[in-house]
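The structure under discussion appears below in the form of structure tokens.
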Amino acid sequence: MKEVAITGIGVHSPIGLDAASVLDSLLELRSGIRRIDSPATGKSYAVGLIEQDFSARFTKMERPLLDRIAQLAVLAAQQASENAGIVNYATFGARAGLFFGTARGGLTTEWSASREFSETPRKTASPYCLMGSMPNAGAAQISIRQQIVGPVVTHTAACASSGLAIADACRHIGCGEIDIALAGGAESTVQPDVAPVFLRLWDALRALADVAEDPATSCRPFARGRSGLALAEGAAFLVLESVEHAQARGANILGYVCGTAVTADAYHMGAPHPRGQAAAMRMALRSAGIEAGDIDYINAHATATREGDGVEAAAIREVFGAEVSRIPVSSTKALHGHMLGATSAMEALVCLLAARHEFLPATAHLDEVSADCEGLHHIRSVERGRPIRYAMSLSAGFGGTNSALVIRPHHPNPSVRGSAT
């Protein structure tokens with residue numbers, strides 16, 4: 001595929017509300033996973049929570065239409081646009097697009113409406129509920145504020161959603177339909193007072209991590225005795241452009257998406273299969289025009305579920321063969337948790353930061369590697385001064401959809417490598 005320039009990044013996550021703070025958290029292994037207690041379920045959970053209310057950033061008239069997921073999406077998208085030097089996209093007309101990923105949409109709005117209906121004698125509901133809870137509400141809110149009038153598309157494919165969004169944006173740019181796009185995702189499903197049903201549904205799958213004595217260490221990807229994932233909230237966006245368009249407007253190019261892939265396992269609704277993940281990684285390598293040995297870092301999907309991590313390790317071993325013991329692998333979900341529909345975009349952003357700042361992110365809390373995850377070059381502590389030519393991010397969602405992205409940094413002047421976030 002034709003490389004697509006990354007000219008802006010924005011993020012609101014449990015480990016930082018901008019790229020600089022996320023970078024610091026990655027380097028210092030600072031976790032955003034906390035313990036929350038849910039009175040509705042009578043249980044405690046380890047989650048990646050953003051402990052800040054953003055309602056004051058929006059007017060009283062706007063708030064009824066803005067679920068927390070939409071607030072996070074709007075703020076992260078605005079940050080990415082400002083980082084790219086863009087006030088709004090009106091001047092680009094239909095040559096600008098927006099590609100958004102979410103697994104669930106406006107859950108908090110939907111839950112509040114359900115509770116209001118069941119608890120009030122008049123069975124009332126807010127007239128804004130549907131517009132606030134629909135999956136594409138975040139994308140619509142961004143497009144209105146940013147004046148994006150080209151393609152505005154919402155992708156919903158569980159944990160691969162924002163990876164699909166980024167891949168779709170790159171295809172639209174690569175084939176010449178548009179010049180510039182905002183691509184990423186958002187999710188907010190862990191607020192204990194408004195999302196108890198969602199937490200209970202995940203708990204019923206036996207997929208959630210046991211709350212450790214130190215809650216920050218609850219999510220332990222690839223580890224022996226791992227117990228499950230830590231759900232998280234957040235949003236991450238990239239501004240993507242054709243290289244020619246970025247150069248013409250004098251944009252600061254941060255890096256490139258140089259390979260994308262989307263595949264399906266065609267196997268099971270909840271259980272992953274290595275063939276789909278292996279196919280995604282191979283396709284992404286072909287798309288980038290590189291060999292397996294050119295990859296210097298893999299950000300794994302690895303959620304710390306008992307089955308999933310071993311399946312992914314098997315897929316990585318299959319694709320990278322003799323190179324597998326050399327290529328560093330880690331899962332940063334141990335720090336920021338599983339952001340569901342936003343996780344692909346978050347981890348693509350992590351790959352870009354790692355490549356630009358020449359460090360290998362670590363899998364935190366990985367004291368002992370599980371037998372089914374052996375054979376990989378696991379990174380257990382941050383390694384600085386490690387140049388990365390190409391980084392790969394892999395995501396795998398319920399239903400069997402997988403996405404893989406290949407990212408490389410842009411270093412126009414070797415003397416300032418890694419100097420800008």
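How things are named: the first chain in the structure tokens is A, the next is B, and so on; residues count from 1 in each chain; ligands count from 1 in the order shown.
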Which neighbours of segment 381-397 of chain A fall inside 7 Å, counting only C-alpha atoms, when residues of the same chain fewer than 5 positions from it are skipped, and could you give them as an MDAnalysis selection string?
chainID A and resid 27 157:160 294:301 344 347:348 351 355 358:362 402:408
Can you tell me which residues surround Lys2 of chain A at a distance of at most 9 Å, considering only C-alpha atoms, apart from same-chain residues fewer than 3 positions away, and format the answer as a compact mmCIF listing (two decimals) with C-alpha atoms, in the first residue's frame?
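Written out: out.txt:
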# COMPACT_ATOMS: atom_id res chain seq x y z
CA CYS A 170 -5.76 4.57 4.82
CA ARG A 171 -7.59 2.85 1.96
CA ILE A 173 -6.55 8.10 1.23
CA GLY A 174 -4.50 5.58 -0.74
CA CYS A 175 -7.02 5.28 -3.55
CA SER A 242 -1.44 11.47 1.91
CA VAL A 257 1.02 3.87 8.52
CA CYS A 258 2.68 1.72 5.90
CA GLY A 259 0.70 -1.51 6.14
CA SER A 287 0.81 -4.44 2.49
CA ALA A 288 3.88 -2.66 3.88
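The nearest approach to Ala280 of chain A among the residues A:Gly234, A:Gly400, A:Gly106, A:Pro192, with only C-alpha atoms taken into account, belongs to A:Gly400.
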For Asp265 of chain A, which of A:Ile86, A:Val311, A:Leu229, A:Met61 is the closest residue, counting only C-alpha atoms?
A:Val311
Give me every helix (DSSP H, G or I) residue in segment 125-174 of chain A, going by DSSP on the backbone, as a list in words.
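So the helix (DSSP H, G or I) residues in segment 125-174 of chain A would be Cys129, Leu130, Met131, Gly132, Ser133, Ala137, Gly138, Ala139, Ala140, Gln141, Ile142, Ser143, Ile144, Arg145, Gln146, Ser161, Ser162, Gly163, Leu164, Ala165, Ile166, Ala167, Asp168, Ala169, Cys170, Arg171, His172, Ile173 and Gly174 of chain A.
Comparing A:Lys43, A:Ala251, A:Gly341, A:Asp168 by their smallest distance to Pro135 of chain A, the closest is A:Gly341 (using only C-alpha atoms).
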